[in-house]
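**Q** Structure below; questions to follow.
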Amino acid sequence: MAAALPLAVLLLLLLGPVGGGHAEPPRDTLREELVITPLPSGDVAATFQFRTRWDSDLQREEGERITLEKDNCHLLVSHYRLFPKALGQLISKYSLRELHLSFTQGFWRTRYWGPPFLQAPSGAELWVWFQDTVTDVDKSWKELSNVLSGIFCASLNFIDSTNTVTPTASFKPLGLANGTDHSFLRYAVLPREVVCTENLTPWKKLLPCSSKAGLSVLLKADRLFHTSYHSQAVHIRPVCRNTRCTSISWELRQTLSVVYDAFVTGQGKKDWSLFRMFSRTLTEPCPLASESRVYVDITSYHQDNETLEVSPPPTTTYQDVTLGTLKTYAVYDLLDTAVINNSRNLNLQLKWKSPPATGALNRGLVFAEAPPVPFLYAQRYVSGYGLHNGELNTLLYNTHPYRAFPVLVLDTVPWYLRLYVHTLTITAKGKENKPTSRPPAVLLAPVGEPHIPTARLPLLSPSVLSALVPSVVAAKPVDWEESPLFKSLYPVSDSSSYFVRLYTEPLLVNLPTPDFSMPYNVICLTCTVVAVCYGSFYNLLTRTFHIEEPSTGGLAKWLANLIRRARGVPPL
Amino acid sequence: MAAPGAAATDLEVVRGKRAALFFAAVAILLGLPLWWKTTETYRAPLPYSQISGLNALQLRLTVPVTVVFTQESVPLDDQEKLPFTVVHEREIPLKYKMKIKCRFQKAYRRALKHEEEALSLGSVQEAETTLAEPREEAEGSLTVYVISENSSLLPQDMMSYIGPERTAVVRGFTHREAFNIVGRRVIQVAQAMSLTEDVLAAALADHLPEDKWSSDKRRPLKSSLGYEITFSLLNPDPKSHDVHWDIEGAVRRYVQPFLSALSAAGNFSVDSQILYYAVLGVNPRFDPASSSYYLAAHSLPHVINPVESRLGSSAASLYPVLNFLLYVPELAHSPLYIQDKDGAPVATNAFHSPRWGGIMVYNVDPKAYNASELPVRVEVDMVRVMEVFLAQLRLLFGIAQPQMPLKCLFSGPKSEGLTTWELDRLLWARSVENVATATTTLTSLAQLLGKISNIVIKDDVASEVYRAVAAVQKAAEELASGRLASAFIASQEAVTSSERAFFDPSLLHLLYFPDDQKFAIYIPLFLPMAVPILLSLVRIFLETRKSWKKPEKID
């Protein structure tokens with residue numbers, strides 16, 4: 001693009017009526033949220049969520065191709081405002097119903113950090129629901145993963161038939177859906193994908209305010225990747241436009257979670273501030289956002305013998321049951337001019353005070369009853385050795401005092417790792433259950449994929465555990481569209497429970513792998529054998545053999561005669 | 001030694017010899033061909049000679065021109081000679097391997113009754129609409145009406161008129177050499193309406209050596225099956241400007257009629273987006289005299305690249321993308337003007353970059369700031385914007401203003417912004433470009449396949465090549481016979497087929513199969529087999545020569 005020319009020609013060719021700009025209500029909205037949660041282990045988790053809602057029926061508009069009067073020529077027209085064009089084009093081109101893509105570096109330790117808002121497996125995960133109008137789902141899936149690989153600068157193009165599965169039970173549409181035909185679902189995990197800045201930059205570019213204003217100014221790559229856990233995701237799903245659900249809107253959620261090791265970076269103190277975590281402070285809300293809030297989890301527990309204090313003091317607090325526990329959040333609304341105007345920027349700080357003080361100090365603190373022990377967590381490891389004695393173990397822990405809950409386990413096993421399903425044992429409360437006896441608490445759905453082997457991967461994908469976990473605190477049903485936090489992504493019919501999806505660690509399994517020189521060795525060996533056989537056969541057929549009279553004389557004969565003479569035997 | 005024993009040994013020796021010879025024969029007659037056949041790369045036959053013949057192809061572009069004479073246009077005795085046909089052919093001097101000849105086939109005839117009536121109407125526009133009604137003209141053809149020398153159809157100082165459709169009007173000449181002079185005028189008009197050197201030179205810009213024709217500014221968009229047009233509104237300062245544009249209405253009203261007129265040249269899709277906080281890559285300079293900011297002409301190339309990263313790739317198709325950016329400068333840098341090379345502000349405040357798109361700077365009316373607090377609501381005047389963008393779109397497609405003959409009245413385009421003959425001219429240019437592209441692709445494919453013998457040529461690749469060659473030839477034929485529409489379709493097919501053959505992934509399957517590895521596999525097999533056979537052949541040869549020499553010695 002070297003040349004640029006000033007345009008000097010102006011054509012007065014527009015005879016159409018002059019269109020006055022008429023104001024219409026914006027058809028898309030943006031809401032941004034940041035939730036900061038001090039974790040029980042002393043780390044700090046920060047979760048960003050940017051929600052873009054677009055009141056447009058992409059697929060239907062695509063259907064109404066504008067037919068021109070002159071011959072049957074079609075012109076495709078689409079207009080984007082806050083919703084990124086790159087993703088909007090994908091939805092209409094590949095007839096997507098839902099798209100969920102996450103890139104994660106590190107592993108969320110549910111046991112120590114508690115249940116996450118949104119969990120994602122290490123590496124890249126992509127799962128997509130296609131519209132039921134798609135005829136060749138596999139082809140669309142292949143093309144889509146290649147296009148996404150280009151958009152997000154990731155190796156998603158390595159998704160092929162060997163690592164794609166079609167789960168039949170574990171995954172349900174998260175958005176509006178009528179009918180769930182699992183043949184339109186594709187799921188793939190690339191556990192080896194390394195997530196870095198080059199994946200974050202295109203992700204940030206999709207944000208309407210880029211990284212120039214609002215919460216997104218905090219997204220500085222060098223700090224975000226200097227963490228023990230980094231997960232960024234894109235979720236697209238159709239949602240109801242209004243309460244009666246007469247038409248649909250598209251919702252794009254861009255989420256990013258990071259866990260800062262506050263102990264190590266803070267010289268043994270659990271205190272943190274926005275500036276210390278992100279090396280930035282908040283200065284202005286994104287002018288395009290209709291909601292821009294920061295939530296700080298200030299729930300405190302009796303056992304800790306510690307209290308925390310946030311500054312500046314929050315104007316409001318928000319209490320809600322999140323993932324089964326009653327939590328209290330300090331809310332900072334960036335659109336409220338008072339929040340930023342006082343000091344021109346907002347640098348949230350949290351300090352821990354060791355002695356429990358009288359009521360004066362801990363203003364805005366609410367004491368909950370129990371420490372956040374996750375009701376369900378899982379662990380997986382490899383034991384034994386070799387193909388025959390190797391074992392894969394998945395441990396599920398239920399810490400709920402009295403409830404049992406159904407769990408779906410999805411395990412993606414590469415084709416070259418042969419599992420003997422008859423050796424599957426399920427042990428619960430010390431008793432062994434055979435899978436045939438249909439254990440009461442565990443529903444197992446082994447996924448066998450009849451694929452033609454074409455590639456090799458030394459990593460096992462993480463297992464996915466999905467469970468409906470009852471909540472201890474009975475919460476009032478909240479309008480799922482309006483609730484601010486992340487729990488709304490998983491719809492549950494029962495308001496007293498919540499849906500949990502857990503990912504275990506990816507496993508590294510040692511397999512006897514052939515040496516790459518083996519084919520060459522085989523060729524050489526075969527050739528040598530052929531040559532030796534052929535050589536002797538050839539000699540046998542072409543040589544003539546005749547008996548030769550031994551010649552008289554020679555050293556041997558003289559020696560023999562010498563010996564013979566000494567023995568008194570007649571010489572030869 | 002006993003005689004029977006010696007005879008038996010001789011027999012053995014002969015049998016051994018025979019066995020060795022038989023081994024050699026089997027190895028050479030059966031083994032070698034079998035090995036050759038089973039290890040050869042499959043290479044379907046390709047029409048190499050035809051492909052090399054394409055380079056020497058002569059493109060003859062025939063423009064059928066119907067010249068209609070009204071009663072008083074030429075002397076009476078000349079009129080008696082009608083109808084007849086005159087062919088005007090000339091070579092277009094381009095430094096290109098193909099010879100391109102331009103041929104105007106003028107069919108002279110007398111005007112029919114309704115044509116006479118129409119041409120005697122008051123104004124040329126009226127006459128045109130009356131004439132246009134019953135006819136349906138083929139693409140690429142032209143009709144020129146010759147009216148009497150002192151007809152009042154045209155203004156007195158005008159010699160000719162070019163209409164928005166495929167018609168033109170030329171003043172006649174009542175003199176002895178009438179046909180010659182009228183013929184020359186007709187050619188002038190027809191050239192302006194169809195084929196001129198610069199149009200073809202611009203179309204072949206990629207294939208010509210660097211010279212005055214192929215300078216960057218003449219380079220129109222490459223021919224393609226379709227195009228994606230993206231309108232982007234860049235609002236770098238959403239805190240101060242709340243910009244609204246009625247792009248839906250503008251596209252419906254202005255862009256769609258234009259594109260539907262252009263639909264013969266390809267498929268189009270139109271997108272629009274709004275990008276916030278997207279800034280130009282260049283800091284504008286402040287001009288204290290006018291207290292405004294300006295972008296100098298030399299800094300314009302640096303404007304595009306930083307913006308482009310925000311525009312987003314087109315994920316949905318492989319067609320080339322044309323970007324049209326409307327930039328509303330931030331409050332701190334407004335008003336912003338674009339300066340041309342002489343330092344004067346450009347009237348349209350816009351510029352375009354060939355094969356990429358155009359950028360227009362839209363300054364917010366300064367009065368808006370006084371009235372209300374920030375952000376100021378800005379309603380974009382889409383008529384102003386679309387005028388510029390459509391003009392740029394025409395330039396990007398290479399639809400430039402033709403060189404009008406002297407004293408020629410030009411009616412201007414219809415409401416959609418494109419005359420029918422401009423579209424024809426575009427199709428001529430595109431057809432020639434497509435033929436040239438397909439020929440180049442086929443030639444380089446043939447060269448590549450000839451050079452690298454490892455490439456597998458599958459049957460479907462070969463059939464694409466055959467199809468492309470046939471399509472190029474068909475396009476050339478159709479061009480020569482003046483059927484533009486089918487020529488254009490054939491040329492498009494030629495490009496599609498040739499590109500499909502060229503980019504077929506199966507060509508690369510065995511490309512990395514170096515010779516040293518091949519020999520590493522073959523030598524362990526062939527050396528032990530070949531050495532005994534060769535040795536016994538040598539021995540047999542030596543023995544036979546000895547036995548031939550022996551009798552000579554006896555003699």
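If you're wondering about the labels, chains in the structure tokens are A, B, ... by order shown, residues count from 1 in each chain, ligands from 1 in order shown.
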Near His235 of chain A, counting only C-alpha atoms, which residues have an atom at most 6 Å away, once you skip same-chain residues fewer than 4 positions from it, shown as a CSV table (one decimal) with C-alpha atoms, in the first residue's frame?
**A**
chain,number,residue,atom,x,y,z
A,99,LEU,CA,-19.0,-21.0,19.7
A,100,HIS,CA,-16.8,-21.4,22.8
A,252,LEU,CA,-20.5,-12.3,22.8
A,253,ARG,CA,-18.7,-12.8,26.0
**Q** My list of candidates is B:Phe104, B:Phe286, B:Trp245, B:Phe258. Which is closest to chain A when distances are computed with only C-alpha atoms?
**A**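 Once distances to chain A are computed over only C-alpha atoms, the minimum belongs to B:Trp245.
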**Q** May I have the residues within 10 Å of Val67 of chain B as a compact mmCIF listing (two decimals) with N, CA, C and O atoms, in the first residue's frame, using only C-alpha atoms and disregarding those fewer than 4 positions away in the same chain?
**A**
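Saved as around34.txt:
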# COMPACT_ATOMS: atom_id res chain seq x y z
N PRO B 83 -26.65 -0.81 -47.92
CA PRO B 83 -25.74 -1.02 -46.79
C PRO B 83 -24.46 -1.72 -47.21
O PRO B 83 -24.45 -2.48 -48.16
N THR B 85 -20.25 -2.89 -45.34
CA THR B 85 -19.49 -3.01 -44.09
C THR B 85 -18.05 -2.55 -44.31
O THR B 85 -17.45 -2.88 -45.34
N GLN B 105 -15.71 -3.09 -36.61
CA GLN B 105 -16.44 -3.62 -37.76
C GLN B 105 -17.68 -2.76 -37.94
O GLN B 105 -18.65 -2.90 -37.20
N LYS B 106 -17.61 -1.87 -38.89
CA LYS B 106 -18.70 -0.90 -39.04
C LYS B 106 -19.68 -1.38 -40.09
O LYS B 106 -19.32 -1.54 -41.26
N ALA B 107 -20.89 -1.63 -39.65
CA ALA B 107 -21.95 -2.02 -40.59
C ALA B 107 -22.76 -0.77 -40.89
O ALA B 107 -23.46 -0.25 -40.02
N TYR B 108 -22.61 -0.26 -42.11
CA TYR B 108 -23.34 0.94 -42.51
C TYR B 108 -24.71 0.55 -43.01
O TYR B 108 -24.86 -0.39 -43.77
N ARG B 109 -25.73 1.26 -42.57
CA ARG B 109 -27.06 1.00 -43.13
C ARG B 109 -27.88 2.27 -43.05
O ARG B 109 -27.52 3.24 -42.37
N ARG B 110 -29.01 2.25 -43.77
CA ARG B 110 -29.90 3.40 -43.73
C ARG B 110 -30.79 3.33 -42.50
O ARG B 110 -31.07 2.25 -41.98
N ALA B 111 -31.25 4.49 -42.08
CA ALA B 111 -32.12 4.53 -40.91
C ALA B 111 -33.49 3.98 -41.26
O ALA B 111 -33.98 4.17 -42.38
N LEU B 142 -21.99 -1.31 -30.47
CA LEU B 142 -22.28 0.12 -30.41
C LEU B 142 -23.18 0.48 -31.59
O LEU B 142 -23.12 -0.16 -32.64
N THR B 143 -23.99 1.48 -31.40
CA THR B 143 -24.77 2.00 -32.50
C THR B 143 -24.50 3.49 -32.61
O THR B 143 -24.61 4.22 -31.62
N VAL B 144 -24.11 3.91 -33.79
CA VAL B 144 -23.83 5.33 -34.01
C VAL B 144 -24.83 5.83 -35.05
O VAL B 144 -24.97 5.25 -36.13
N TYR B 145 -25.56 6.87 -34.71
CA TYR B 145 -26.51 7.47 -35.65
C TYR B 145 -25.85 8.66 -36.30
O TYR B 145 -25.28 9.52 -35.61
N VAL B 146 -25.91 8.71 -37.59
CA VAL B 146 -25.34 9.85 -38.32
C VAL B 146 -26.51 10.75 -38.72
O VAL B 146 -27.41 10.31 -39.44
N THR B 167 -25.25 3.98 -27.38
CA THR B 167 -25.54 4.73 -28.59
C THR B 167 -24.78 6.04 -28.59
O THR B 167 -24.45 6.60 -27.55
N ALA B 168 -24.51 6.51 -29.80
CA ALA B 168 -23.88 7.81 -29.97
C ALA B 168 -24.47 8.45 -31.21
O ALA B 168 -25.07 7.77 -32.05
N VAL B 169 -24.35 9.75 -31.30
CA VAL B 169 -24.86 10.48 -32.45
C VAL B 169 -23.71 11.29 -33.02
O VAL B 169 -22.95 11.91 -32.27
N VAL B 170 -23.58 11.23 -34.36
CA VAL B 170 -22.51 11.95 -35.02
C VAL B 170 -23.12 12.79 -36.13
O VAL B 170 -24.06 12.35 -36.80
N VAL B 182 -17.02 10.85 -42.27
CA VAL B 182 -17.95 10.35 -41.25
C VAL B 182 -17.36 9.12 -40.58
O VAL B 182 -17.41 8.97 -39.36
N GLY B 183 -16.75 8.26 -41.37
CA GLY B 183 -16.14 7.05 -40.83
C GLY B 183 -15.09 7.38 -39.78
O GLY B 183 -15.02 6.75 -38.73
N VAL B 186 -16.81 8.48 -36.66
CA VAL B 186 -17.41 7.33 -35.97
C VAL B 186 -16.35 6.56 -35.19
O VAL B 186 -16.54 6.17 -34.04
**Q** Need the shell around Val124 of chain B: protein/DNA/RNA residues with any atom at most 12 Å away, counting only C-alpha atoms. Skip same-chain ones fewer than 6 positions apart. Format as an MDAnalysis selection string?
**A** chainID B and resid 118 130:132 145 147 151:155 158 160:164 167:170 409:411
**Q** Could the residues in this selection be written to a file with N, CA and C atoms, as an mmCIF file, in the first residue's frame?
**A**
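See again.cif below for the written result:
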data_model
loop_
_atom_site.group_PDB
_atom_site.id
_atom_site.type_symbol
_atom_site.label_atom_id
_atom_site.label_comp_id
_atom_site.auth_asym_id
_atom_site.auth_seq_id
_atom_site.Cartn_x
_atom_site.Cartn_y
_atom_site.Cartn_z
ATOM 1 N N ALA B 118 -37.550 9.270 -34.637
ATOM 2 C CA ALA B 118 -36.970 9.556 -33.326
ATOM 3 C C ALA B 118 -35.892 10.615 -33.430
ATOM 4 N N THR B 130 -36.555 7.224 -27.097
ATOM 5 C CA THR B 130 -37.446 6.633 -28.087
ATOM 6 C C THR B 130 -36.737 5.503 -28.819
ATOM 7 N N LEU B 131 -35.467 5.726 -29.117
ATOM 8 C CA LEU B 131 -34.721 4.701 -29.858
ATOM 9 C C LEU B 131 -34.446 3.482 -29.000
ATOM 10 N N ALA B 132 -34.262 3.721 -27.712
ATOM 11 C CA ALA B 132 -33.831 2.626 -26.842
ATOM 12 C C ALA B 132 -34.915 1.593 -26.633
ATOM 13 N N TYR B 145 -25.560 6.866 -34.712
ATOM 14 C CA TYR B 145 -26.507 7.469 -35.649
ATOM 15 C C TYR B 145 -25.849 8.663 -36.295
ATOM 16 N N ILE B 147 -26.527 11.940 -38.203
ATOM 17 C CA ILE B 147 -27.625 12.854 -38.503
ATOM 18 C C ILE B 147 -27.131 13.917 -39.477
ATOM 19 N N SER B 151 -28.584 19.470 -38.383
ATOM 20 C CA SER B 151 -29.698 19.058 -37.526
ATOM 21 C C SER B 151 -29.632 19.828 -36.211
ATOM 22 N N SER B 152 -30.794 20.087 -35.636
ATOM 23 C CA SER B 152 -30.827 20.832 -34.388
ATOM 24 C C SER B 152 -30.852 19.903 -33.179
ATOM 25 N N LEU B 153 -30.639 18.650 -33.475
ATOM 26 C CA LEU B 153 -30.647 17.670 -32.372
ATOM 27 C C LEU B 153 -29.514 17.956 -31.381
ATOM 28 N N LEU B 154 -28.394 18.342 -31.901
ATOM 29 C CA LEU B 154 -27.251 18.674 -31.051
ATOM 30 C C LEU B 154 -27.060 20.177 -31.059
ATOM 31 N N PRO B 155 -26.449 20.728 -30.016
ATOM 32 C CA PRO B 155 -26.102 22.142 -30.057
ATOM 33 C C PRO B 155 -25.172 22.418 -31.242
ATOM 34 N N MET B 158 -21.446 21.465 -31.311
ATOM 35 C CA MET B 158 -21.082 20.089 -30.972
ATOM 36 C C MET B 158 -21.114 19.223 -32.224
ATOM 37 N N SER B 160 -20.531 15.744 -31.997
ATOM 38 C CA SER B 160 -20.998 14.381 -31.688
ATOM 39 C C SER B 160 -21.550 14.336 -30.265
ATOM 40 N N TYR B 161 -22.199 13.216 -29.958
ATOM 41 C CA TYR B 161 -22.827 13.060 -28.653
ATOM 42 C C TYR B 161 -22.663 11.608 -28.219
ATOM 43 N N ILE B 162 -22.294 11.420 -26.979
ATOM 44 C CA ILE B 162 -22.156 10.055 -26.449
ATOM 45 C C ILE B 162 -23.191 9.896 -25.351
ATOM 46 N N GLY B 163 -24.051 8.914 -25.509
ATOM 47 C CA GLY B 163 -25.145 8.717 -24.563
ATOM 48 C C GLY B 163 -24.775 7.761 -23.456
ATOM 49 N N PRO B 164 -25.638 7.593 -22.485
ATOM 50 C CA PRO B 164 -25.347 6.683 -21.381
ATOM 51 C C PRO B 164 -25.482 5.214 -21.773
ATOM 52 N N THR B 167 -25.253 3.979 -27.376
ATOM 53 C CA THR B 167 -25.539 4.731 -28.592
ATOM 54 C C THR B 167 -24.776 6.043 -28.593
ATOM 55 N N ALA B 168 -24.510 6.512 -29.802
ATOM 56 C CA ALA B 168 -23.879 7.811 -29.973
ATOM 57 C C ALA B 168 -24.475 8.453 -31.209
ATOM 58 N N VAL B 169 -24.351 9.752 -31.296
ATOM 59 C CA VAL B 169 -24.860 10.476 -32.450
ATOM 60 C C VAL B 169 -23.705 11.292 -33.023
ATOM 61 N N VAL B 170 -23.582 11.231 -34.357
ATOM 62 C CA VAL B 170 -22.507 11.954 -35.016
ATOM 63 C C VAL B 170 -23.120 12.792 -36.130
ATOM 64 N N LEU B 409 -20.379 16.071 -27.023
ATOM 65 C CA LEU B 409 -21.268 16.266 -25.886
ATOM 66 C C LEU B 409 -21.394 14.939 -25.157
ATOM 67 N N PHE B 410 -21.174 14.955 -23.846
ATOM 68 C CA PHE B 410 -21.209 13.718 -23.071
ATOM 69 C C PHE B 410 -22.367 13.823 -22.088
ATOM 70 N N SER B 411 -23.256 12.863 -22.162
ATOM 71 C CA SER B 411 -24.486 12.993 -21.386
ATOM 72 C C SER B 411 -24.261 12.773 -19.897
#
**Q** Using only C-alpha atoms, which residues sit within 12 Å of Gln156 of chain B once same-chain residues fewer than 6 positions away are excluded, as a ChimeraX atom specification?
**A** /B:148-150,171,407-409
**Q** Once you have the residues from the selection above, write them out as an mmCIF file, in the first residue's frame, restricted to N, CA and C atoms.
**A**
data_model
loop_
_atom_site.group_PDB
_atom_site.id
_atom_site.type_symbol
_atom_site.label_atom_id
_atom_site.label_comp_id
_atom_site.auth_asym_id
_atom_site.auth_seq_id
_atom_site.Cartn_x
_atom_site.Cartn_y
_atom_site.Cartn_z
ATOM 1 N N SER B 148 -28.059 14.681 -40.002
ATOM 2 C CA SER B 148 -27.689 15.657 -41.027
ATOM 3 C C SER B 148 -26.820 16.751 -40.414
ATOM 4 N N GLU B 149 -26.060 17.403 -41.255
ATOM 5 C CA GLU B 149 -25.036 18.332 -40.798
ATOM 6 C C GLU B 149 -25.627 19.489 -39.998
ATOM 7 N N ASN B 150 -26.802 19.930 -40.414
ATOM 8 C CA ASN B 150 -27.379 21.079 -39.705
ATOM 9 C C ASN B 150 -28.604 20.684 -38.891
ATOM 10 N N ARG B 171 -22.610 13.996 -36.319
ATOM 11 C CA ARG B 171 -23.098 14.831 -37.416
ATOM 12 C C ARG B 171 -22.566 14.310 -38.741
ATOM 13 N N LYS B 407 -15.189 18.573 -29.347
ATOM 14 C CA LYS B 407 -16.555 19.003 -29.645
ATOM 15 C C LYS B 407 -17.544 17.858 -29.467
ATOM 16 N N CYS B 408 -17.395 17.156 -28.382
ATOM 17 C CA CYS B 408 -18.284 16.015 -28.149
ATOM 18 C C CYS B 408 -19.106 16.296 -26.898
ATOM 19 N N LEU B 409 -20.379 16.071 -27.023
ATOM 20 C CA LEU B 409 -21.268 16.266 -25.886
ATOM 21 C C LEU B 409 -21.394 14.939 -25.157
#
**Q** When distances are computed from only C-alpha atoms, which of A:Ser149, A:Thr425, A:Asn345, A:Thr110 shows the smallest separation from Phe275 of chain A?
**A**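 Once distances to Phe275 of chain A are computed over only C-alpha atoms, the minimum belongs to A:Asn345.
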**Q** Closest to Thr283 of chain A among A:Thr315, A:Ser210, A:Ser183, A:Ser216, using only C-alpha atoms?
**A**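 Looking only at the distances to Thr283 of chain A, the closest residue turns out to be A:Ser216.
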**Q** Set the distance at 12 Å and use only C-alpha atoms: which residues neighbour Ile452 of chain B once local chain neighbours fewer than 2 positions away are removed? I'd like the list as an NGL selection string.
**A** :B and (41 or 43 or 445-450 or 454-457 or 507-508 or 510-514)
**Q** Quick one: distance from atom CA of Thr420 of chain B to atom CA of Leu121 of chain B in Å, one decimal?
**A** 23.1 Å
**Q** Residues within 8 Å of Tyr329 of chain A, please, as a list of chain:residue names. Count only C-alpha atoms; anything in the same chain fewer than 2 positions from it doesn't count.
**A** A:Tyr295, A:Val296, A:Asp297, A:Ile298, A:Thr299, A:Thr317, A:Tyr318, A:Gln319, A:Lys327, A:Val331
**Q** Could you check how far atom CA of Val243 of chain B sits from atom CA of Pro375 of chain B, in Å to one decimal?
**A**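 Computing it gives 9.2 Å between the two atoms.
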